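Student: Below is the file coords-v3.cif, with mmCIF, C-alpha atoms.
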```cif
data_start
#
loop_
_atom_site.label_atom_id
_atom_site.label_comp_id
_atom_site.auth_asym_id
_atom_site.auth_seq_id
_atom_site.Cartn_x
_atom_site.Cartn_y
_atom_site.Cartn_z
CA MET A 24 11.31 -31.65 5.51
CA THR A 25 12.21 -32.37 1.90
CA ALA A 26 9.64 -29.99 0.45
CA ASP A 27 10.89 -27.15 2.65
CA ALA A 28 14.44 -27.79 1.54
CA GLU A 29 13.34 -27.65 -2.08
CA GLU A 30 11.52 -24.40 -1.49
CA ILE A 31 14.43 -22.68 0.13
CA SER A 32 16.67 -23.80 -2.71
CA VAL A 33 14.30 -22.34 -5.27
CA ARG A 34 14.22 -19.06 -3.38
CA LEU A 35 17.97 -18.94 -2.92
CA VAL A 36 18.58 -19.61 -6.60
CA ALA A 37 16.11 -16.86 -7.50
CA LEU A 38 18.03 -14.42 -5.28
CA LEU A 39 21.45 -15.25 -6.72
CA PRO A 40 21.52 -12.51 -9.39
CA ARG A 41 20.75 -9.83 -6.80
CA LEU A 42 23.20 -11.24 -4.26
CA ARG A 43 25.95 -11.25 -6.89
CA ARG A 44 25.13 -7.70 -7.84
CA PHE A 45 25.18 -6.50 -4.25
CA ALA A 46 28.47 -8.32 -3.61
CA ARG A 47 29.87 -6.70 -6.74
CA THR A 48 29.15 -3.25 -5.32
CA LEU A 49 31.44 -4.24 -2.44
CA SER A 50 34.21 -5.97 -4.41
CA ARG A 51 35.94 -4.67 -7.48
CA SER A 52 36.23 -8.06 -9.14
CA GLN A 53 33.34 -10.37 -9.90
CA HIS A 54 35.44 -13.28 -8.75
CA ASP A 55 35.82 -11.78 -5.28
CA ALA A 56 32.13 -10.91 -5.30
CA ASP A 57 31.22 -14.52 -6.08
CA ASP A 58 33.50 -15.78 -3.31
CA LEU A 59 31.60 -13.50 -0.98
CA VAL A 60 28.20 -14.79 -2.15
CA GLN A 61 29.36 -18.38 -1.75
CA LEU A 62 30.61 -17.71 1.76
CA ALA A 63 27.34 -15.98 2.63
CA LEU A 64 25.23 -18.87 1.25
CA GLU A 65 27.20 -21.35 3.30
CA ARG A 66 26.76 -19.27 6.43
CA ALA A 67 23.07 -18.77 5.74
CA LEU A 68 22.46 -22.49 5.34
CA ARG A 69 24.28 -23.23 8.58
CA SER A 70 22.09 -20.78 10.46
CA LEU A 71 18.72 -21.25 8.79
CA ASP A 72 17.25 -21.90 12.21
CA GLN A 73 18.03 -18.27 13.08
CA PHE A 74 15.92 -17.00 10.21
CA ARG A 75 12.98 -15.42 11.96
CA GLU A 76 9.45 -16.27 11.07
CA GLY A 77 7.97 -13.29 9.26
CA ALA A 78 11.33 -11.89 8.17
CA ASN A 79 12.25 -11.13 4.60
CA LEU A 80 14.60 -13.75 3.19
CA ALA A 81 16.30 -11.30 0.83
CA SER A 82 17.02 -8.81 3.62
CA TRP A 83 18.35 -11.57 5.82
CA LEU A 84 20.72 -12.75 3.10
CA PHE A 85 21.91 -9.24 2.25
CA GLY A 86 22.73 -8.84 5.94
CA ILE A 87 24.78 -12.04 5.86
CA VAL A 88 26.65 -10.86 2.75
CA LYS A 89 27.35 -7.59 4.57
CA ASN A 90 28.72 -9.38 7.65
CA ALA A 91 30.81 -11.76 5.55
CA TRP A 92 32.26 -8.83 3.65
CA ILE A 93 33.11 -6.88 6.80
CA ASP A 94 34.75 -9.99 8.26
CA SER A 95 36.84 -10.45 5.13
CA CYS A 96 37.86 -6.78 5.18
CA ARG A 97 38.97 -7.20 8.79
CA ALA A 98 40.80 -10.41 7.96
CA ARG A 99 42.80 -8.63 5.31
CA GLY A 100 43.77 -6.06 7.90
CA ARG A 101 42.05 -3.29 6.03
CA ARG A 102 44.58 -3.62 3.27
CA GLN A 103 44.16 -0.78 0.86
CA GLU A 104 42.82 -2.01 -2.40
CA VAL A 105 45.25 -1.14 -5.12
CA PRO A 106 43.64 0.12 -8.29
CA LEU A 107 45.03 -2.51 -10.63
CA PRO A 108 43.03 -4.06 -13.41
CA ASP A 109 41.24 -7.05 -11.91
CA ASP A 110 40.64 -10.43 -13.46
CA SER A 111 37.64 -9.14 -15.31
CA GLY A 112 40.09 -7.80 -17.87
CA GLU A 113 41.84 -4.73 -19.16
CA HIS A 114 40.68 -1.19 -18.83
CA PRO A 115 37.89 -1.12 -21.34
CA ALA A 116 37.97 1.61 -23.91
CA ILE A 117 35.63 4.24 -22.58
CA SER A 118 32.78 4.95 -24.89
CA PRO A 119 29.39 6.39 -24.05
CA GLY A 120 26.81 3.74 -23.37
CA ASP A 121 29.36 0.96 -23.07
CA SER A 122 28.06 -1.07 -20.16
CA GLU A 123 31.40 -2.73 -19.33
CA ALA A 124 33.15 0.61 -19.26
CA SER A 125 30.46 2.07 -17.09
CA LEU A 126 30.64 -0.84 -14.64
CA TRP A 127 34.40 -0.51 -14.55
CA SER A 128 34.46 3.20 -13.81
CA VAL A 129 31.66 3.05 -11.24
CA SER A 130 33.34 0.07 -9.52
CA GLU A 131 36.55 2.07 -9.36
CA ALA A 132 34.77 4.99 -7.78
CA MET A 133 32.94 2.70 -5.34
CA SER A 134 36.17 1.03 -4.28
CA LYS A 135 37.44 4.40 -3.05
CA LEU A 136 34.53 4.78 -0.63
CA PRO A 137 34.79 3.80 3.02
CA GLU A 138 33.10 0.46 3.78
CA ASP A 139 30.06 1.94 5.53
CA GLN A 140 29.32 4.30 2.64
CA ARG A 141 29.75 1.57 0.05
CA LEU A 142 27.18 -0.57 1.88
CA ALA A 143 24.67 2.27 2.02
CA VAL A 144 25.13 3.11 -1.67
CA GLY A 145 24.98 -0.55 -2.70
CA LEU A 146 21.72 -1.23 -0.89
CA VAL A 147 19.88 1.98 -1.77
CA LEU A 148 21.16 3.04 -5.19
CA VAL A 149 21.93 -0.37 -6.66
CA GLU A 150 19.54 -2.71 -4.87
CA GLY A 151 16.82 -0.07 -4.76
CA MET A 152 15.99 -0.62 -1.10
CA SER A 153 14.13 2.02 0.87
CA TYR A 154 16.11 3.80 3.58
CA LYS A 155 14.17 1.83 6.15
CA GLU A 156 14.98 -1.53 4.56
CA ALA A 157 18.64 -0.65 4.08
CA ALA A 158 18.98 0.59 7.66
CA ALA A 159 17.46 -2.68 8.88
CA VAL A 160 19.92 -4.77 6.83
CA LEU A 161 22.85 -2.71 8.13
CA GLU A 162 21.44 -2.64 11.67
CA ILE A 163 21.86 1.11 11.97
CA PRO A 164 19.43 4.00 12.60
CA ILE A 165 17.89 5.62 9.52
CA GLY A 166 19.64 8.91 10.29
CA THR A 167 23.01 7.17 10.19
CA LEU A 168 22.13 5.50 6.93
CA THR A 169 21.05 8.81 5.42
CA SER A 170 24.27 10.58 6.32
CA ARG A 171 26.44 7.69 5.04
CA LEU A 172 24.45 7.64 1.85
CA ALA A 173 24.79 11.39 1.38
CA ARG A 174 28.55 11.31 1.97
CA GLY A 175 28.98 8.29 -0.29
CA ARG A 176 27.00 9.91 -3.07
CA SER A 177 28.87 13.12 -2.86
CA ALA A 178 32.23 11.32 -3.01
CA LEU A 179 31.04 9.19 -5.93
CA ALA A 180 29.81 12.21 -7.82
CA ALA A 181 33.15 13.93 -7.28
CA THR A 182 35.16 10.92 -8.49
CA LEU A 183 32.96 10.26 -11.49
CA SER A 184 32.87 13.88 -12.61
CA ALA A 185 36.64 14.21 -12.14
CA GLU A 186 37.04 11.50 -14.75
CA GLY A 187 35.09 13.73 -17.04
CA PRO A 188 32.01 12.81 -18.96
CA ALA A 189 32.62 9.83 -21.19
CA MET B 17 13.28 28.19 1.03
CA ASN B 18 16.62 26.52 1.44
CA TYR B 19 16.90 22.74 1.56
CA ASP B 20 19.96 20.86 2.66
CA ASP B 21 21.49 18.25 0.45
CA GLU B 22 20.27 15.29 2.51
CA THR B 23 16.71 16.49 2.15
CA LEU B 24 17.07 16.84 -1.60
CA MET B 25 18.66 13.40 -1.80
CA ALA B 26 15.73 11.94 0.13
CA TYR B 27 13.39 13.78 -2.22
CA ALA B 28 15.12 12.30 -5.26
CA ASP B 29 14.88 8.86 -3.64
CA GLY B 30 11.17 9.26 -2.94
CA GLU B 31 11.74 9.04 0.81
CA LEU B 32 10.05 12.24 1.99
CA ASP B 33 6.52 12.47 3.31
CA ALA B 34 3.80 13.74 1.03
CA ALA B 35 3.73 17.28 2.43
CA LEU B 36 7.45 17.93 2.06
CA THR B 37 7.51 16.21 -1.33
CA ALA B 38 4.78 18.54 -2.58
CA GLU B 39 6.56 21.55 -1.12
CA ILE B 40 9.84 20.73 -2.85
CA SER B 41 8.12 19.86 -6.12
CA ALA B 42 6.48 23.27 -6.07
CA ALA B 43 9.72 25.03 -5.17
CA MET B 44 11.54 23.29 -8.05
CA GLU B 45 9.05 24.82 -10.48
CA THR B 46 10.34 28.29 -9.74
CA ASP B 47 13.90 27.56 -8.66
CA PRO B 48 16.07 26.12 -11.46
CA VAL B 49 19.09 25.80 -9.16
CA LEU B 50 17.09 23.67 -6.76
CA ALA B 51 15.76 21.58 -9.66
CA GLN B 52 19.31 21.06 -10.86
CA ARG B 53 20.51 19.92 -7.44
CA VAL B 54 17.74 17.32 -7.35
CA GLU B 55 18.51 16.30 -10.90
CA ARG B 56 22.15 15.62 -9.99
CA HIS B 57 21.00 13.12 -7.36
CA ARG B 58 18.76 11.42 -9.87
CA VAL B 59 21.45 11.25 -12.52
CA LEU B 60 23.95 9.71 -10.10
CA ARG B 61 21.42 7.17 -8.94
CA THR B 62 20.64 6.17 -12.51
CA GLN B 63 24.32 6.02 -13.42
CA VAL B 64 25.29 3.82 -10.46
CA ALA B 65 22.28 1.52 -10.72
CA GLY B 66 22.74 1.23 -14.47
CA ALA B 67 26.41 0.32 -14.17
CA TYR B 68 25.66 -2.70 -12.01
CA ALA B 69 22.65 -3.83 -14.03
CA THR B 70 24.96 -5.83 -16.30
CA VAL B 71 25.81 -8.11 -13.37
CA LEU B 72 22.23 -9.42 -13.43
CA GLU B 73 22.72 -10.58 -17.00
CA GLN B 74 25.90 -12.50 -16.41
CA PRO B 75 25.85 -16.30 -16.20
CA ILE B 76 25.65 -17.56 -12.63
CA PRO B 77 28.73 -19.60 -11.69
CA GLU B 78 27.90 -23.22 -11.09
CA ARG B 79 29.52 -23.19 -7.65
CA LEU B 80 26.90 -20.67 -6.50
CA LEU B 81 24.06 -22.71 -7.97
CA ALA B 82 25.41 -25.74 -6.15
CA ALA B 83 25.63 -23.80 -2.88
CA ALA B 84 22.07 -22.49 -3.25
CA ASN B 85 20.84 -25.98 -4.02
CA ALA B 86 22.58 -27.50 -1.01
CA PRO B 87 19.36 -27.73 1.07
CA ALA B 88 17.73 -29.83 -1.61
CA ALA B 89 20.89 -31.90 -2.11
CA PRO B 90 22.42 -32.46 1.32
CA ARG B 91 25.03 -34.82 0.00
CA LEU B 92 26.58 -32.08 -2.07
CA ALA B 93 27.24 -29.93 0.96
CA GLY B 94 29.21 -31.47 3.77
CA ASP B 95 28.37 -28.73 6.21
CA SER B 96 24.74 -28.21 5.39
CA PRO B 97 22.26 -28.62 8.19
CA ARG B 98 20.63 -31.98 8.45
CA GLY B 99 17.03 -33.01 8.69
CA GLU B 100 14.76 -30.75 10.64
CA VAL B 101 17.33 -27.99 10.97
CA ALA B 102 16.59 -27.11 7.37
CA GLN B 103 13.03 -26.28 8.18
CA PHE B 104 11.66 -23.38 6.29
CA PRO B 105 9.38 -20.86 7.92
CA GLY B 106 5.74 -20.70 7.03
CA ARG B 107 4.08 -18.68 4.35
CA ALA B 108 4.12 -15.49 6.35
CA ALA B 109 7.89 -15.37 5.94
CA LEU B 110 7.58 -15.07 2.20
CA THR B 111 5.79 -11.77 2.31
CA GLU B 112 7.67 -9.12 0.39
CA GLY B 113 5.62 -6.54 2.19
CA ARG B 114 4.86 -3.87 -0.36
CA PRO B 115 3.39 -3.37 -3.80
CA TRP B 116 5.62 -4.00 -6.76
CA GLY B 117 7.80 -1.13 -7.83
CA GLY B 118 10.86 -0.88 -10.03
CA ARG B 119 12.97 -3.07 -7.85
CA GLU B 120 10.50 -5.94 -7.89
CA TRP B 121 10.28 -5.82 -11.65
CA LEU B 122 14.04 -5.77 -11.81
CA ALA B 123 14.11 -8.79 -9.58
CA LEU B 124 11.61 -10.45 -11.86
CA ALA B 125 13.76 -9.65 -14.87
CA ALA B 126 16.66 -11.16 -12.99
CA SER B 127 14.83 -14.36 -12.35
CA LEU B 128 13.86 -14.58 -16.01
CA VAL B 129 17.45 -14.20 -17.00
CA LEU B 130 18.28 -16.80 -14.43
CA GLY B 131 15.71 -19.17 -15.84
CA MET B 132 17.38 -18.96 -19.21
CA LEU B 133 20.85 -19.26 -17.75
CA LEU B 134 19.90 -22.29 -15.74
CA SER B 135 19.16 -24.16 -18.89
CA TRP B 136 22.83 -24.49 -19.65
CA GLN B 137 24.55 -23.52 -16.43
CA PHE B 138 22.99 -25.92 -14.04
CA LEU B 139 24.72 -29.14 -14.93
CA SER B 140 24.76 -31.24 -11.79
CA PRO B 141 21.33 -30.92 -10.25
CA SER B 142 19.97 -32.99 -7.46
CA GLU B 143 17.22 -35.43 -8.28
CA ARG B 144 15.33 -33.92 -5.38
CA SER B 145 15.17 -30.49 -6.92
CA MET B 146 11.87 -29.51 -8.43
CA VAL B 147 13.43 -27.90 -11.49
CA VAL B 148 16.49 -29.40 -13.13
CA ALA B 149 18.32 -29.01 -16.41
CA SER B 150 18.18 -31.82 -18.92
CA ASN B 151 19.62 -31.65 -22.42
CA GLY B 152 19.75 -27.89 -22.33
CA ALA B 153 16.19 -27.38 -21.12
CA LEU B 154 14.71 -26.91 -17.67
CA VAL B 155 12.39 -29.75 -16.73
CA ALA B 156 10.13 -30.40 -13.76
CA ARG B 157 11.04 -33.02 -11.19
CA GLY B 158 9.83 -34.19 -7.82
CA ALA B 159 6.74 -32.62 -6.33
CA LEU B 160 6.37 -30.21 -9.24
CA ALA B 161 6.42 -33.00 -11.84
CA ARG B 162 3.93 -35.02 -9.81
CA ALA B 163 1.57 -32.06 -9.54
CA LEU B 164 1.82 -31.30 -13.26
CA ASP B 165 1.09 -34.95 -14.02
CA SER B 166 -1.85 -35.46 -11.74
CA GLN B 167 -3.21 -32.33 -10.12
CA LEU B 168 -6.34 -30.68 -11.52
CA ALA B 169 -7.03 -26.99 -11.06
CA SER B 170 -10.66 -27.86 -10.44
CA THR B 171 -9.98 -30.12 -7.50
CA GLN B 172 -6.73 -28.88 -5.99
CA ARG B 173 -6.66 -27.67 -2.42
CA ALA B 174 -5.44 -24.23 -1.42
CA GLU B 175 -2.79 -25.79 0.80
CA ASP B 176 -1.23 -27.84 -1.99
CA PRO B 177 2.37 -26.63 -2.36
CA VAL B 178 2.04 -26.53 -6.13
CA GLN B 179 -0.95 -24.65 -7.51
CA ILE B 180 -1.94 -25.32 -11.10
CA GLY B 181 -3.22 -22.33 -13.03
CA LEU B 182 -4.22 -22.60 -16.67
CA THR B 183 -3.98 -25.74 -18.76
CA PHE B 184 -4.05 -25.25 -22.52
CA ARG B 185 -2.94 -26.58 -25.89
CA SER B 186 -0.01 -24.79 -27.43
CA GLN B 187 0.21 -24.01 -31.11
CA ASP B 188 2.26 -27.17 -31.73
CA GLY B 189 -0.51 -29.23 -30.10
CA SER B 190 1.34 -30.05 -26.88
CA TYR B 191 -0.19 -29.35 -23.48
CA CYS B 192 1.08 -26.54 -21.28
CA ARG B 193 0.20 -25.77 -17.67
CA SER B 194 1.02 -22.70 -15.64
CA PHE B 195 1.92 -23.29 -12.02
CA THR B 196 2.87 -21.52 -8.81
CA LEU B 197 5.14 -22.88 -6.10
CA THR B 198 3.30 -21.04 -3.38
CA ARG B 199 5.81 -21.12 -0.56
CA ALA B 200 8.70 -20.47 -2.92
CA ALA B 201 6.82 -17.47 -4.39
CA THR B 202 7.76 -18.66 -7.86
CA ALA B 203 5.48 -19.04 -10.86
CA GLY B 204 6.18 -20.65 -14.18
CA LEU B 205 4.92 -22.38 -17.26
CA ALA B 206 5.50 -26.04 -18.08
CA CYS B 207 4.94 -27.59 -21.50
CA ARG B 208 4.84 -31.27 -22.33
CA ALA B 209 7.68 -32.46 -24.56
CA SER B 210 9.18 -35.93 -24.96
CA GLY B 211 7.34 -37.29 -21.94
CA GLN B 212 8.59 -34.55 -19.62
CA TRP B 213 7.43 -31.14 -18.46
CA ARG B 214 9.74 -28.54 -19.90
CA ILE B 215 9.79 -25.15 -18.24
CA PRO B 216 10.33 -22.29 -20.67
CA VAL B 217 9.84 -19.57 -18.06
CA THR B 218 9.86 -19.00 -14.33
CA ALA B 219 9.35 -15.73 -12.47
CA SER B 220 9.00 -14.46 -8.96
CA ALA B 221 5.34 -14.50 -8.07
CA ALA B 222 3.80 -11.56 -6.27
CA ALA B 223 3.55 -12.45 -2.62
CA SER B 224 1.02 -10.92 -0.31
CA GLU B 225 0.24 -11.25 3.36
CA GLY B 226 0.25 -14.94 4.03
CA GLY B 227 2.10 -15.94 0.90
CA VAL B 228 1.17 -15.99 -2.74
CA ARG B 229 -2.46 -15.22 -3.32
CA GLN B 230 -4.08 -18.22 -4.86
CA ALA B 231 -6.22 -16.08 -7.11
CA ALA B 232 -3.46 -13.66 -8.04
CA ALA B 233 -2.71 -13.18 -11.71
CA PRO B 234 0.55 -14.82 -12.77
CA PRO B 235 3.58 -12.57 -13.23
CA SER B 236 3.58 -10.77 -16.58
CA ALA B 237 6.46 -12.87 -17.87
CA VAL B 238 4.40 -16.01 -17.41
CA VAL B 239 1.36 -14.34 -18.98
CA SER B 240 3.47 -13.37 -22.00
CA ALA B 241 4.76 -16.92 -22.32
CA ILE B 242 1.19 -18.22 -22.21
CA GLU B 243 0.00 -15.70 -24.78
CA ALA B 244 2.88 -16.60 -27.07
CA ARG B 245 1.90 -20.26 -27.05
CA ILE B 246 -1.80 -20.69 -26.46
CA ALA B 247 -3.94 -21.99 -29.30
CA GLY B 248 -7.61 -21.33 -28.66
CA ASP B 249 -8.93 -21.17 -25.13
CA ALA B 250 -7.65 -22.65 -21.90
CA LEU B 251 -9.13 -26.07 -21.10
CA ASP B 252 -12.14 -26.26 -18.85
CA ALA B 253 -12.34 -28.79 -16.02
CA PRO B 254 -13.55 -31.74 -18.17
CA GLY B 255 -10.94 -30.90 -20.81
CA GLU B 256 -8.22 -30.85 -18.19
CA GLU B 257 -9.29 -34.22 -16.86
CA THR B 258 -9.45 -35.75 -20.35
CA ALA B 259 -5.94 -34.51 -21.06
CA ARG B 260 -4.69 -36.03 -17.84
CA LEU B 261 -6.33 -39.37 -18.62
CA GLY B 262 -4.60 -39.28 -21.99
CA GLY B 263 -1.25 -38.93 -20.23
CA TRP B 264 -0.78 -35.42 -21.66
CA ASP B 265 0.00 -36.94 -25.04
CA ALA B 266 -0.23 -34.37 -27.80
CA ARG B 267 -2.61 -35.76 -30.36
CA PRO B 268 -4.15 -33.79 -33.13
CA GLU B 269 -7.52 -32.43 -32.09
#
```
Would you encode the structure as structure tokens?
Tutor:
Amino acid sequence: MTADAEEISVRLVALLPRLRRFARTLSRSQHDADDLVQLALERALRSLDQFREGANLASWLFGIVKNAWIDSCRARGRRQEVPLPDDSGEHPAISPGDSEASLWSVSEAMSKLPEDQRLAVGLVLVEGMSYKEAAAVLEIPIGTLTSRLARGRSALAATLSAEGPA
Amino acid sequence: MNYDDETLMAYADGELDAALTAEISAAMETDPVLAQRVERHRVLRTQVAGAYATVLEQPIPERLLAAANAPAAPRLAGDSPRGEVAQFPGRAALTEGRPWGGREWLALAASLVLGMLLSWQFLSPSERSMVVASNGALVARGALARALDSQLASTQRAEDPVQIGLTFRSQDGSYCRSFTLTRAATAGLACRASGQWRIPVTASAAASEGGVRQAAAPPSAVVSAIEARIAGDALDAPGEETARLGGWDARPE
């Protein structure tokens, strides 16, 4: 099935930017996010036979990233993430419109959210999924997704406005 | 009328049904406080989405490219499934399921960025991949290269995995051909240079029920790349065949 293998590679490569972005909404450092994507790719390739005919490859992979992330959170014993500068560098000087600064402050705010809210925010606000799609990836009812999303948003808004407008 | 915050959030996210959407839109006209509550949801959404947009522009680490290419290069991945386990579902699985909106265009932008990044990031490709990097450029290999060499748009079959679109002369005289990898839902443009097919652009192709529509227009990024290069008109069927017989050598007209 050489041609099929080539096709799935092409599709996986095309999804990499989005997978890295989603993983980054879950991890404060890009290095950790990339570890997560790598782990998810390896798991996905081991279980390709479980990929259902008719399913959406992107949704399936986002679900695997989600599971890999939850597993790694459990493995770390829910260690509280300490707000230290990560390997992406120093605190950037905050200036309006500075994309690094904006990523840094939003990542900080995201890292304070409970896991379930971070997942909902990452899939809907960052990945732009519909509530239905996001609920399917997270394997939860839409009502649960909506309330997690609302709580996550409200906490994010509070954190970001407490920092004051840049 | 009082709306709870979840309802307003769903309104801002475009998740309400038409009737409630119209009702809230009308209410916002006369209720500035309500309009402001909705606006706060929109602002937060834009702020959060915008913050992470930079991740799409970052170079992709090679270890992730290698992992994603493992199915096409089994020797690179000790634990990858072997043989028939790596079977890929049929065309129906590639359906994205809805018309293109902002997220699809974002995804397209991401794959464009990726196409450019690949040209210097992807250093240890498998010979079995269809698109590899060579001397800083993406070039076609395998089934894609064979199709670009020999397949004619006038005689290709709908079930061919590579579909050739337009064939034309670029402004420097070389031949270019647009293509679609149907089951990979990826379109691109290939131009002849130094005896190879170089690929200046790839993009996610719109998928529909049953896979990429054969007759669908190429993604706008590919159209732009064609428009930027094409000299004169696209070749007709005899012109395409003549070019193939000539081995795609660029000779002055």
Student: Could you tell me which residues of chain A sit within 8 Å of chain B when counting only C-alpha atoms, and give me the result as a PyMOL selection string?
Tutor: chain A and resi 24-41+43-44+47-48+57+60-61+64-65+68-69+71-72+74-80+122-123+125-126+129+148-154+169-170+173+176+180
Student: Using all atoms listed in the file, which of the listed residues (A:Ala46, A:Ala143, A:Val88, A:Ala81) sits closest to Thr167 of chain A?
Tutor: A:Ala143
Student: In Å, with one decimal, what is the gap from atom CA of Val49 of chain B to atom CA of Leu32 of chain B?
Tutor: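 Going from atom CA of Val49 of chain B over to atom CA of Leu32 of chain B, I get 19.7 Å.
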Student: Mind pulling up the distance from atom CA of Arg97 of chain A to atom CA of Ser177 of chain A?
Tutor: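 We find that atom CA of Ser177 of chain A and atom CA of Arg97 of chain A lie 25.5 Å from each other.
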Student: When you draw a straight line from atom CA of Arg171 of chain A to atom CA of Ile87 of chain A, how long is it in Å?
Tutor: 19.8 Å
Student: Which polymer residues, whether protein, DNA or RNA, lie within 9 Å of the coordinate (29.0, 2.9, -1.3) when you count only C-alpha atoms? List them as a PyMOL selection string, using the chain letters and numbers from the file.
Tutor: chain A and resi 48-49+132-146+148+171-172+175-176+179
Student: Could you list, as a list in words, every residue within 12 Å of Ala51 of chain B, counting only C-alpha atoms and ignoring same-chain residues fewer than 4 positions away?
Tutor: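 After dropping sequence-adjacent residues, the list is Tyr19, Leu24, Met25, Tyr27, Ala28, Ile40, Ser41, Ala42, Ala43, Met44, Glu45, Thr46, Asp47, Glu55, Arg56, His57 and Arg58 of chain B.
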Student: So that I can check the surroundings of Ala163 of chain B, please list as a PyMOL selection string every protein, DNA and RNA residue that reaches within 10 Å of it, counting only C-alpha atoms and ignoring chain neighbours fewer than 2 positions away.
Tutor: chain B and resi 156-161+165-168+172+176-180+195
Student: Once the PyMOL selection byres ((chain B and resi 253) around 9) is applied to the coordinates I shared, what remains selected? I want it as a list of chain:residue names.
Tutor: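 After applying the PyMOL selection byres ((chain B and resi 253) around 9), what remains is B:Leu168, B:Ala169, B:Ser170, B:Thr171, B:Leu251, B:Asp252, B:Pro254, B:Gly255, B:Glu256, B:Glu257, B:Thr258.
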Student: Please list, as a ChimeraX atom specification, the residues that have an atom at most 12 Å away from (29.9, -9.2, 7.0) in the coordinates of this file, counting only C-alpha atoms.
Tutor: /A:46,49,59-60,62-63,66-67,83-98,138-139,142,160-162
Student: Write out, as a PDB file, in the frame of the given file, the residues just selected, with C-alpha atoms.
Tutor:
```
ATOM      1  CA  ALA A  46      28.470  -8.320  -3.610  1.00  0.00           C
ATOM      2  CA  LEU A  49      31.440  -4.240  -2.440  1.00  0.00           C
ATOM      3  CA  LEU A  59      31.600 -13.500  -0.980  1.00  0.00           C
ATOM      4  CA  VAL A  60      28.200 -14.790  -2.150  1.00  0.00           C
ATOM      5  CA  LEU A  62      30.610 -17.710   1.760  1.00  0.00           C
ATOM      6  CA  ALA A  63      27.340 -15.980   2.630  1.00  0.00           C
ATOM      7  CA  ARG A  66      26.760 -19.270   6.430  1.00  0.00           C
ATOM      8  CA  ALA A  67      23.070 -18.770   5.740  1.00  0.00           C
ATOM      9  CA  TRP A  83      18.350 -11.570   5.820  1.00  0.00           C
ATOM     10  CA  LEU A  84      20.720 -12.750   3.100  1.00  0.00           C
ATOM     11  CA  PHE A  85      21.910  -9.240   2.250  1.00  0.00           C
ATOM     12  CA  GLY A  86      22.730  -8.840   5.940  1.00  0.00           C
ATOM     13  CA  ILE A  87      24.780 -12.040   5.860  1.00  0.00           C
ATOM     14  CA  VAL A  88      26.650 -10.860   2.750  1.00  0.00           C
ATOM     15  CA  LYS A  89      27.350  -7.590   4.570  1.00  0.00           C
ATOM     16  CA  ASN A  90      28.720  -9.380   7.650  1.00  0.00           C
ATOM     17  CA  ALA A  91      30.810 -11.760   5.550  1.00  0.00           C
ATOM     18  CA  TRP A  92      32.260  -8.830   3.650  1.00  0.00           C
ATOM     19  CA  ILE A  93      33.110  -6.880   6.800  1.00  0.00           C
ATOM     20  CA  ASP A  94      34.750  -9.990   8.260  1.00  0.00           C
ATOM     21  CA  SER A  95      36.840 -10.450   5.130  1.00  0.00           C
ATOM     22  CA  CYS A  96      37.860  -6.780   5.180  1.00  0.00           C
ATOM     23  CA  ARG A  97      38.970  -7.200   8.790  1.00  0.00           C
ATOM     24  CA  ALA A  98      40.800 -10.410   7.960  1.00  0.00           C
ATOM     25  CA  GLU A 138      33.100   0.460   3.780  1.00  0.00           C
ATOM     26  CA  ASP A 139      30.060   1.940   5.530  1.00  0.00           C
ATOM     27  CA  LEU A 142      27.180  -0.570   1.880  1.00  0.00           C
ATOM     28  CA  VAL A 160      19.920  -4.770   6.830  1.00  0.00           C
ATOM     29  CA  LEU A 161      22.850  -2.710   8.130  1.00  0.00           C
ATOM     30  CA  GLU A 162      21.440  -2.640  11.670  1.00  0.00           C
TER      31      GLU A 162
END
```
Student: Any idea what's packed within 12 Å of Ala266 of chain B, counting only C-alpha atoms, ignoring anything in its chain fewer than 2 positions away? Could you give it as a ChimeraX atom specification?
Tutor: /B:184-192,207-211,258-260,262-264,268-269
